[in-house]
>>> print(open('coords-v4.cif').read())   # mmCIF, N, CA and C atoms
data_coords
#
loop_
_atom_site.group_PDB
_atom_site.id
_atom_site.type_symbol
_atom_site.label_atom_id
_atom_site.label_comp_id
_atom_site.auth_asym_id
_atom_site.auth_seq_id
_atom_site.Cartn_x
_atom_site.Cartn_y
_atom_site.Cartn_z
ATOM 1 N N MET V 1 -1.847 -4.349 11.650
ATOM 2 C CA MET V 1 -1.292 -3.029 11.348
ATOM 3 C C MET V 1 -0.236 -3.179 10.242
ATOM 4 N N SER V 2 -0.352 -2.360 9.212
ATOM 5 C CA SER V 2 0.578 -2.449 8.083
ATOM 6 C C SER V 2 1.920 -1.813 8.433
ATOM 7 N N THR V 3 2.920 -2.091 7.608
ATOM 8 C CA THR V 3 4.250 -1.509 7.794
ATOM 9 C C THR V 3 4.171 0.008 7.749
ATOM 10 N N GLU V 4 3.357 0.530 6.809
ATOM 11 C CA GLU V 4 3.219 1.988 6.694
ATOM 12 C C GLU V 4 2.617 2.593 7.968
ATOM 13 N N GLU V 5 1.628 1.907 8.546
ATOM 14 C CA GLU V 5 1.004 2.418 9.763
ATOM 15 C C GLU V 5 1.993 2.428 10.929
ATOM 16 N N LYS V 6 2.811 1.377 11.043
ATOM 17 C CA LYS V 6 3.821 1.342 12.101
ATOM 18 C C LYS V 6 4.851 2.446 11.893
ATOM 19 N N ALA V 7 5.242 2.659 10.645
ATOM 20 C CA ALA V 7 6.256 3.665 10.330
ATOM 21 C C ALA V 7 5.717 5.079 10.522
ATOM 22 N N ALA V 8 4.384 5.225 10.491
ATOM 23 C CA ALA V 8 3.785 6.557 10.570
ATOM 24 C C ALA V 8 4.188 7.285 11.852
ATOM 25 N N GLY V 9 4.529 6.540 12.893
ATOM 26 C CA GLY V 9 4.931 7.166 14.145
ATOM 27 C C GLY V 9 6.353 7.712 14.112
ATOM 28 N N ARG V 10 7.119 7.401 13.085
ATOM 29 C CA ARG V 10 8.520 7.790 12.985
ATOM 30 C C ARG V 10 8.749 8.517 11.673
ATOM 31 N N THR V 11 9.155 9.764 11.762
ATOM 32 C CA THR V 11 9.380 10.566 10.565
ATOM 33 C C THR V 11 10.869 10.816 10.377
ATOM 34 N N VAL V 12 11.307 10.776 9.129
ATOM 35 C CA VAL V 12 12.706 11.087 8.799
ATOM 36 C C VAL V 12 12.706 12.167 7.720
ATOM 37 N N HIS V 13 13.792 12.932 7.664
ATOM 38 C CA HIS V 13 13.960 13.832 6.521
ATOM 39 C C HIS V 13 14.682 13.009 5.467
ATOM 40 N N CYS V 14 13.940 12.582 4.451
ATOM 41 C CA CYS V 14 14.437 11.643 3.455
ATOM 42 C C CYS V 14 15.498 12.289 2.561
ATOM 43 N N VAL V 15 16.684 11.671 2.517
ATOM 44 C CA VAL V 15 17.773 12.185 1.686
ATOM 45 C C VAL V 15 17.461 12.024 0.198
ATOM 46 N N LYS V 16 16.622 11.074 -0.138
ATOM 47 C CA LYS V 16 16.296 10.831 -1.546
ATOM 48 C C LYS V 16 15.215 11.781 -2.041
ATOM 49 N N LEU V 17 14.150 11.914 -1.264
ATOM 50 C CA LEU V 17 12.996 12.707 -1.706
ATOM 51 C C LEU V 17 13.011 14.135 -1.161
ATOM 52 N N GLN V 18 13.962 14.420 -0.291
ATOM 53 C CA GLN V 18 14.163 15.774 0.246
ATOM 54 C C GLN V 18 12.931 16.351 0.936
ATOM 55 N N LYS V 19 12.256 15.496 1.725
ATOM 56 C CA LYS V 19 11.141 15.990 2.531
ATOM 57 C C LYS V 19 10.922 15.053 3.710
ATOM 58 N N ASP V 20 10.181 15.534 4.702
ATOM 59 C CA ASP V 20 9.873 14.729 5.881
ATOM 60 C C ASP V 20 8.777 13.729 5.530
ATOM 61 N N LEU V 21 9.086 12.453 5.772
ATOM 62 C CA LEU V 21 8.162 11.370 5.429
ATOM 63 C C LEU V 21 8.273 10.268 6.473
ATOM 64 N N PRO V 22 7.273 9.369 6.520
ATOM 65 C CA PRO V 22 7.380 8.224 7.431
ATOM 66 C C PRO V 22 8.622 7.399 7.129
ATOM 67 N N GLY V 23 9.325 7.007 8.191
ATOM 68 C CA GLY V 23 10.544 6.224 8.041
ATOM 69 C C GLY V 23 10.277 4.737 8.009
ATOM 70 N N LEU V 24 11.345 3.978 7.860
ATOM 71 C CA LEU V 24 11.269 2.517 7.881
ATOM 72 C C LEU V 24 11.029 2.039 9.312
ATOM 73 N N THR V 25 10.465 0.844 9.458
ATOM 74 C CA THR V 25 10.191 0.307 10.789
ATOM 75 C C THR V 25 11.392 -0.408 11.385
ATOM 76 N N GLU V 26 12.332 -0.813 10.526
ATOM 77 C CA GLU V 26 13.548 -1.478 11.005
ATOM 78 C C GLU V 26 14.657 -1.268 9.992
ATOM 79 N N SER V 27 15.885 -1.511 10.421
ATOM 80 C CA SER V 27 17.031 -1.363 9.530
ATOM 81 C C SER V 27 16.915 -2.390 8.403
ATOM 82 N N PRO V 28 16.964 -1.949 7.145
ATOM 83 C CA PRO V 28 16.751 -2.855 6.024
ATOM 84 C C PRO V 28 18.001 -3.582 5.547
ATOM 85 N N TRP V 29 19.148 -3.247 6.136
ATOM 86 C CA TRP V 29 20.424 -3.785 5.658
ATOM 87 C C TRP V 29 21.359 -3.862 6.854
ATOM 88 N N PRO V 30 22.266 -4.827 6.884
ATOM 89 C CA PRO V 30 23.171 -4.929 8.037
ATOM 90 C C PRO V 30 24.227 -3.820 8.067
ATOM 91 N N GLY V 31 24.797 -3.638 9.237
ATOM 92 C CA GLY V 31 25.960 -2.761 9.382
ATOM 93 C C GLY V 31 25.663 -1.274 9.332
ATOM 94 N N GLU V 32 26.726 -0.529 9.096
ATOM 95 C CA GLU V 32 26.679 0.936 9.104
ATOM 96 C C GLU V 32 25.767 1.483 8.006
ATOM 97 N N LEU V 33 25.809 0.872 6.817
ATOM 98 C CA LEU V 33 24.957 1.331 5.718
ATOM 99 C C LEU V 33 23.485 1.190 6.091
ATOM 100 N N GLY V 34 23.121 0.063 6.673
ATOM 101 C CA GLY V 34 21.736 -0.156 7.104
ATOM 102 C C GLY V 34 21.295 0.875 8.124
ATOM 103 N N LYS V 35 22.198 1.221 9.035
ATOM 104 C CA LYS V 35 21.891 2.233 10.053
ATOM 105 C C LYS V 35 21.654 3.596 9.396
ATOM 106 N N ARG V 36 22.519 3.968 8.443
ATOM 107 C CA ARG V 36 22.358 5.256 7.743
ATOM 108 C C ARG V 36 21.053 5.294 6.949
ATOM 109 N N VAL V 37 20.723 4.178 6.292
ATOM 110 C CA VAL V 37 19.472 4.106 5.529
ATOM 111 C C VAL V 37 18.294 4.248 6.484
ATOM 112 N N PHE V 38 18.310 3.519 7.583
ATOM 113 C CA PHE V 38 17.221 3.570 8.562
ATOM 114 C C PHE V 38 17.000 4.992 9.072
ATOM 115 N N GLU V 39 18.080 5.716 9.328
ATOM 116 C CA GLU V 39 17.986 7.055 9.911
ATOM 117 C C GLU V 39 17.677 8.141 8.882
ATOM 118 N N ASN V 40 17.927 7.905 7.588
ATOM 119 C CA ASN V 40 17.849 8.977 6.589
ATOM 120 C C ASN V 40 16.966 8.702 5.380
ATOM 121 N N VAL V 41 16.333 7.540 5.321
ATOM 122 C CA VAL V 41 15.570 7.177 4.124
ATOM 123 C C VAL V 41 14.125 6.866 4.519
ATOM 124 N N SER V 42 13.190 7.396 3.752
ATOM 125 C CA SER V 42 11.769 7.148 4.019
ATOM 126 C C SER V 42 11.342 5.791 3.466
ATOM 127 N N ALA V 43 10.226 5.300 3.978
ATOM 128 C CA ALA V 43 9.660 4.044 3.474
ATOM 129 C C ALA V 43 9.343 4.175 1.984
ATOM 130 N N GLU V 44 8.880 5.340 1.566
ATOM 131 C CA GLU V 44 8.556 5.585 0.153
ATOM 132 C C GLU V 44 9.804 5.473 -0.727
ATOM 133 N N ALA V 45 10.901 6.089 -0.298
ATOM 134 C CA ALA V 45 12.146 6.020 -1.068
ATOM 135 C C ALA V 45 12.692 4.595 -1.071
ATOM 136 N N TRP V 46 12.516 3.861 0.026
ATOM 137 C CA TRP V 46 12.988 2.477 0.075
ATOM 138 C C TRP V 46 12.267 1.640 -0.980
ATOM 139 N N LYS V 47 10.970 1.909 -1.206
ATOM 140 C CA LYS V 47 10.224 1.186 -2.242
ATOM 141 C C LYS V 47 10.834 1.466 -3.618
ATOM 142 N N LEU V 48 11.237 2.717 -3.859
ATOM 143 C CA LEU V 48 11.906 3.059 -5.128
ATOM 144 C C LEU V 48 13.194 2.247 -5.257
ATOM 145 N N TRP V 49 13.937 2.161 -4.140
ATOM 146 C CA TRP V 49 15.188 1.402 -4.154
ATOM 147 C C TRP V 49 14.938 -0.076 -4.434
ATOM 148 N N GLU V 50 13.882 -0.648 -3.842
ATOM 149 C CA GLU V 50 13.607 -2.074 -4.057
ATOM 150 C C GLU V 50 13.397 -2.368 -5.542
ATOM 151 N N GLU V 51 12.714 -1.462 -6.246
ATOM 152 C CA GLU V 51 12.521 -1.638 -7.686
ATOM 153 C C GLU V 51 13.873 -1.562 -8.412
ATOM 154 N N ARG V 52 14.708 -0.602 -8.032
ATOM 155 C CA ARG V 52 16.033 -0.457 -8.647
ATOM 156 C C ARG V 52 16.878 -1.702 -8.364
ATOM 157 N N MET V 53 16.809 -2.196 -7.124
ATOM 158 C CA MET V 53 17.597 -3.363 -6.743
ATOM 159 C C MET V 53 17.189 -4.587 -7.570
ATOM 160 N N LYS V 54 15.885 -4.780 -7.783
ATOM 161 C CA LYS V 54 15.425 -5.903 -8.613
ATOM 162 C C LYS V 54 16.020 -5.785 -10.012
ATOM 163 N N MET V 55 16.002 -4.565 -10.551
ATOM 164 C CA MET V 55 16.543 -4.344 -11.882
ATOM 165 C C MET V 55 18.040 -4.689 -11.916
ATOM 166 N N ILE V 56 18.786 -4.255 -10.899
ATOM 167 C CA ILE V 56 20.227 -4.526 -10.828
ATOM 168 C C ILE V 56 20.478 -6.034 -10.765
ATOM 169 N N LEU V 57 19.762 -6.720 -9.881
ATOM 170 C CA LEU V 57 19.947 -8.169 -9.742
ATOM 171 C C LEU V 57 19.636 -8.877 -11.057
ATOM 172 N N ASN V 58 18.571 -8.457 -11.737
ATOM 173 C CA ASN V 58 18.201 -9.080 -13.011
ATOM 174 C C ASN V 58 19.188 -8.745 -14.117
ATOM 175 N N GLU V 59 19.573 -7.482 -14.229
ATOM 176 C CA GLU V 59 20.495 -7.052 -15.286
ATOM 177 C C GLU V 59 21.824 -7.799 -15.212
ATOM 178 N N TYR V 60 22.353 -7.921 -13.994
ATOM 179 C CA TYR V 60 23.649 -8.572 -13.816
ATOM 180 C C TYR V 60 23.521 -10.065 -13.558
ATOM 181 N N ARG V 61 22.277 -10.570 -13.563
ATOM 182 C CA ARG V 61 22.000 -11.984 -13.296
ATOM 183 C C ARG V 61 22.664 -12.443 -11.991
ATOM 184 N N LEU V 62 22.401 -11.687 -10.950
ATOM 185 C CA LEU V 62 23.011 -11.960 -9.648
ATOM 186 C C LEU V 62 22.072 -12.761 -8.755
ATOM 187 N N MET V 63 22.653 -13.526 -7.871
ATOM 188 C CA MET V 63 21.904 -14.247 -6.845
ATOM 189 C C MET V 63 22.094 -13.477 -5.534
ATOM 190 N N PRO V 64 21.011 -13.051 -4.887
ATOM 191 C CA PRO V 64 21.122 -12.188 -3.700
ATOM 192 C C PRO V 64 21.966 -12.761 -2.565
ATOM 193 N N TRP V 65 22.104 -14.072 -2.488
ATOM 194 C CA TRP V 65 22.884 -14.674 -1.392
ATOM 195 C C TRP V 65 24.388 -14.698 -1.683
ATOM 196 N N GLN V 66 24.790 -14.372 -2.902
ATOM 197 C CA GLN V 66 26.221 -14.362 -3.236
ATOM 198 C C GLN V 66 26.891 -13.117 -2.663
ATOM 199 N N LYS V 67 28.068 -13.307 -2.090
ATOM 200 C CA LYS V 67 28.814 -12.192 -1.495
ATOM 201 C C LYS V 67 29.055 -11.075 -2.511
ATOM 202 N N GLU V 68 29.421 -11.441 -3.741
ATOM 203 C CA GLU V 68 29.685 -10.430 -4.781
ATOM 204 C C GLU V 68 28.424 -9.613 -5.063
ATOM 205 N N ALA V 69 27.278 -10.287 -5.106
ATOM 206 C CA ALA V 69 26.007 -9.605 -5.358
ATOM 207 C C ALA V 69 25.694 -8.640 -4.222
ATOM 208 N N GLN V 70 25.909 -9.085 -2.990
ATOM 209 C CA GLN V 70 25.631 -8.235 -1.830
ATOM 210 C C GLN V 70 26.532 -7.006 -1.826
ATOM 211 N N GLU V 71 27.791 -7.191 -2.205
ATOM 212 C CA GLU V 71 28.718 -6.060 -2.252
ATOM 213 C C GLU V 71 28.305 -5.060 -3.328
ATOM 214 N N LEU V 72 27.913 -5.565 -4.498
ATOM 215 C CA LEU V 72 27.478 -4.686 -5.582
ATOM 216 C C LEU V 72 26.199 -3.943 -5.185
ATOM 217 N N VAL V 73 25.252 -4.657 -4.601
ATOM 218 C CA VAL V 73 23.986 -4.037 -4.185
ATOM 219 C C VAL V 73 24.257 -2.963 -3.131
ATOM 220 N N ALA V 74 25.134 -3.243 -2.177
ATOM 221 C CA ALA V 74 25.461 -2.256 -1.139
ATOM 222 C C ALA V 74 26.079 -1.006 -1.767
ATOM 223 N N LYS V 75 26.968 -1.198 -2.716
ATOM 224 C CA LYS V 75 27.614 -0.065 -3.395
ATOM 225 C C LYS V 75 26.575 0.761 -4.151
ATOM 226 N N GLN V 76 25.693 0.078 -4.869
ATOM 227 C CA GLN V 76 24.640 0.766 -5.620
ATOM 228 C C GLN V 76 23.664 1.486 -4.684
ATOM 229 N N MET V 77 23.355 0.854 -3.547
ATOM 230 C CA MET V 77 22.443 1.459 -2.568
ATOM 231 C C MET V 77 23.053 2.738 -2.006
ATOM 232 N N GLU V 78 24.327 2.671 -1.666
ATOM 233 C CA GLU V 78 25.044 3.834 -1.145
ATOM 234 C C GLU V 78 24.958 4.989 -2.147
ATOM 235 N N GLU V 79 25.202 4.680 -3.411
ATOM 236 C CA GLU V 79 25.152 5.698 -4.462
ATOM 237 C C GLU V 79 23.732 6.227 -4.652
ATOM 238 N N PHE V 80 22.753 5.316 -4.636
ATOM 239 C CA PHE V 80 21.339 5.675 -4.842
ATOM 240 C C PHE V 80 20.859 6.678 -3.798
ATOM 241 N N PHE V 81 21.213 6.425 -2.523
ATOM 242 C CA PHE V 81 20.726 7.287 -1.448
ATOM 243 C C PHE V 81 21.677 8.421 -1.072
ATOM 244 N N PHE V 82 22.977 8.161 -1.106
ATOM 245 C CA PHE V 82 23.920 9.131 -0.535
ATOM 246 C C PHE V 82 24.947 9.661 -1.523
ATOM 247 N N GLY V 83 24.956 9.147 -2.750
ATOM 248 C CA GLY V 83 25.959 9.546 -3.730
ATOM 249 C C GLY V 83 25.642 10.872 -4.400
ATOM 250 N N GLU V 84 26.545 11.283 -5.289
ATOM 251 C CA GLU V 84 26.352 12.509 -6.067
ATOM 252 C C GLU V 84 25.041 12.415 -6.841
ATOM 253 N N GLY V 85 24.251 13.450 -6.765
ATOM 254 C CA GLY V 85 23.011 13.484 -7.533
ATOM 255 C C GLY V 85 22.005 12.440 -7.098
ATOM 256 N N SER V 86 22.044 12.047 -5.828
ATOM 257 C CA SER V 86 21.143 10.991 -5.379
ATOM 258 C C SER V 86 19.705 11.477 -5.223
ATOM 259 N N ALA V 87 19.508 12.773 -4.988
ATOM 260 C CA ALA V 87 18.145 13.290 -4.846
ATOM 261 C C ALA V 87 17.471 13.267 -6.214
ATOM 262 N N LEU V 88 16.177 12.980 -6.206
ATOM 263 C CA LEU V 88 15.427 12.959 -7.455
ATOM 264 C C LEU V 88 15.258 14.380 -7.971
ATOM 265 N N PRO V 89 15.137 14.526 -9.275
ATOM 266 C CA PRO V 89 14.889 15.866 -9.818
ATOM 267 C C PRO V 89 13.604 16.446 -9.216
ATOM 268 N N PRO V 90 13.537 17.776 -9.050
ATOM 269 C CA PRO V 90 12.365 18.398 -8.414
ATOM 270 C C PRO V 90 11.050 18.082 -9.127
ATOM 271 N N ASP V 91 11.084 17.844 -10.431
ATOM 272 C CA ASP V 91 9.846 17.589 -11.168
ATOM 273 C C ASP V 91 9.575 16.093 -11.377
ATOM 274 N N PHE V 92 10.299 15.218 -10.659
ATOM 275 C CA PHE V 92 10.126 13.771 -10.796
ATOM 276 C C PHE V 92 8.742 13.357 -10.315
ATOM 277 N N VAL V 93 8.080 12.511 -11.130
ATOM 278 C CA VAL V 93 6.799 11.934 -10.749
ATOM 279 C C VAL V 93 6.948 10.421 -10.858
ATOM 280 N N PRO V 94 6.804 9.697 -9.738
ATOM 281 C CA PRO V 94 6.978 8.245 -9.815
ATOM 282 C C PRO V 94 5.910 7.602 -10.693
ATOM 283 N N GLU V 95 6.265 6.495 -11.339
ATOM 284 C CA GLU V 95 5.303 5.751 -12.160
ATOM 285 C C GLU V 95 4.186 5.255 -11.256
ATOM 286 N N GLN V 96 2.980 5.329 -11.756
ATOM 287 C CA GLN V 96 1.855 4.811 -10.982
ATOM 288 C C GLN V 96 1.884 3.286 -11.039
ATOM 289 N N SER V 97 1.708 2.646 -9.899
ATOM 290 C CA SER V 97 1.741 1.183 -9.887
ATOM 291 C C SER V 97 0.506 0.642 -10.592
ATOM 292 N N LYS V 98 0.696 -0.518 -11.196
ATOM 293 C CA LYS V 98 -0.407 -1.121 -11.967
ATOM 294 C C LYS V 98 -1.190 -2.071 -11.076
ATOM 295 N N SER V 99 -1.802 -1.524 -10.036
ATOM 296 C CA SER V 99 -2.575 -2.405 -9.150
ATOM 297 C C SER V 99 -4.025 -2.071 -9.186
#
>>> encode(input="coords-v4.cif", output="C-alpha cells")
Amino acid sequence: MSTEEKAAGRTVHCVKLQKDLPGLTESPWPGELGKRVFENVSAEAWKLWEERMKMILNEYRLMPWQKEAQELVAKQMEEFFFGEGSALPPDFVPEQSKS
C-alpha cells in the first residue's frame, strides 16, 4: 500500500492549497511545528514543500543534519505553510513532473 493510499483515509483542510485533501500519514517534523503540519497540510502540499526545501538546502549549501540548517528549514517551513501569503494564488498550476 502506497503512502497516498494510507493517507486517503485521513483528510485535512490544507492551509496551503485551501481545500480538503488526503493528509500525511505521520508527522513529518519533530515538535509543535510537525504537529501543526500534520494536522493542517495535505500530502500534495508537503510534496511542494519538499521541492522548496531541496532548493533552500542547495541554494544555501546546507547540510540537513546541521542545527543551523534545521533551524532555517523550520523557519522557512513555517512561513511556507502558515506565514503571510502562504496560500497559493487561485490560478496556480503546479509544474507537471517529468516522469
>>> closest_residue(input="coords-v4.cif", among="V:Glu50, V:Glu78, V:Pro22, V:Leu57", to="Gly9 (chain V)", atoms="only N, CA and C atoms")
V:Pro22
>>> closest_residue(input="coords-v4.cif", among="V:Pro64, V:Gly23, V:Thr11, V:Ala69", to="Glu44 (chain V)", atoms="only N, CA and C atoms")
V:Gly23
>>> atom_distance(input="coords-v4.cif", atom1="CA of Trp65 (chain V)", atom2="CA of Trp29 (chain V)")
13.2 Å
>>> resolve_selection(input="coords-v4.cif", expression="the PyMOL selection byres (((chain V and resi 43 and name CA) around 12) and name CA)", output="PyMOL selection string")
chain V and resi 3-8+10-17+20-28+37-42+44-50
>>> closest_residue(input="coords-v4.cif", among="V:Phe81, V:Glu32, V:Val73, V:Lys19", to="Met53 (chain V)", atoms="all atoms listed in the file")
V:Val73
>>> atom_distance(input="coords-v4.cif", atom1="atom C of Met63 (chain V)", atom2="atom C of Lys35 (chain V)")
22.7 Å
>>> atom_distance(input="coords-v4.cif", atom1="atom N of Arg36 (chain V)", atom2="atom C of Lys75 (chain V)")
13.6 Å
>>> select_by_dssp(input="coords-v4.cif", residues="region 6-84 of chain V", states="strand (DSSP E)", output="list in words")
Thr11, Val12, His13, Asp20, Leu21 and Pro22 of chain V
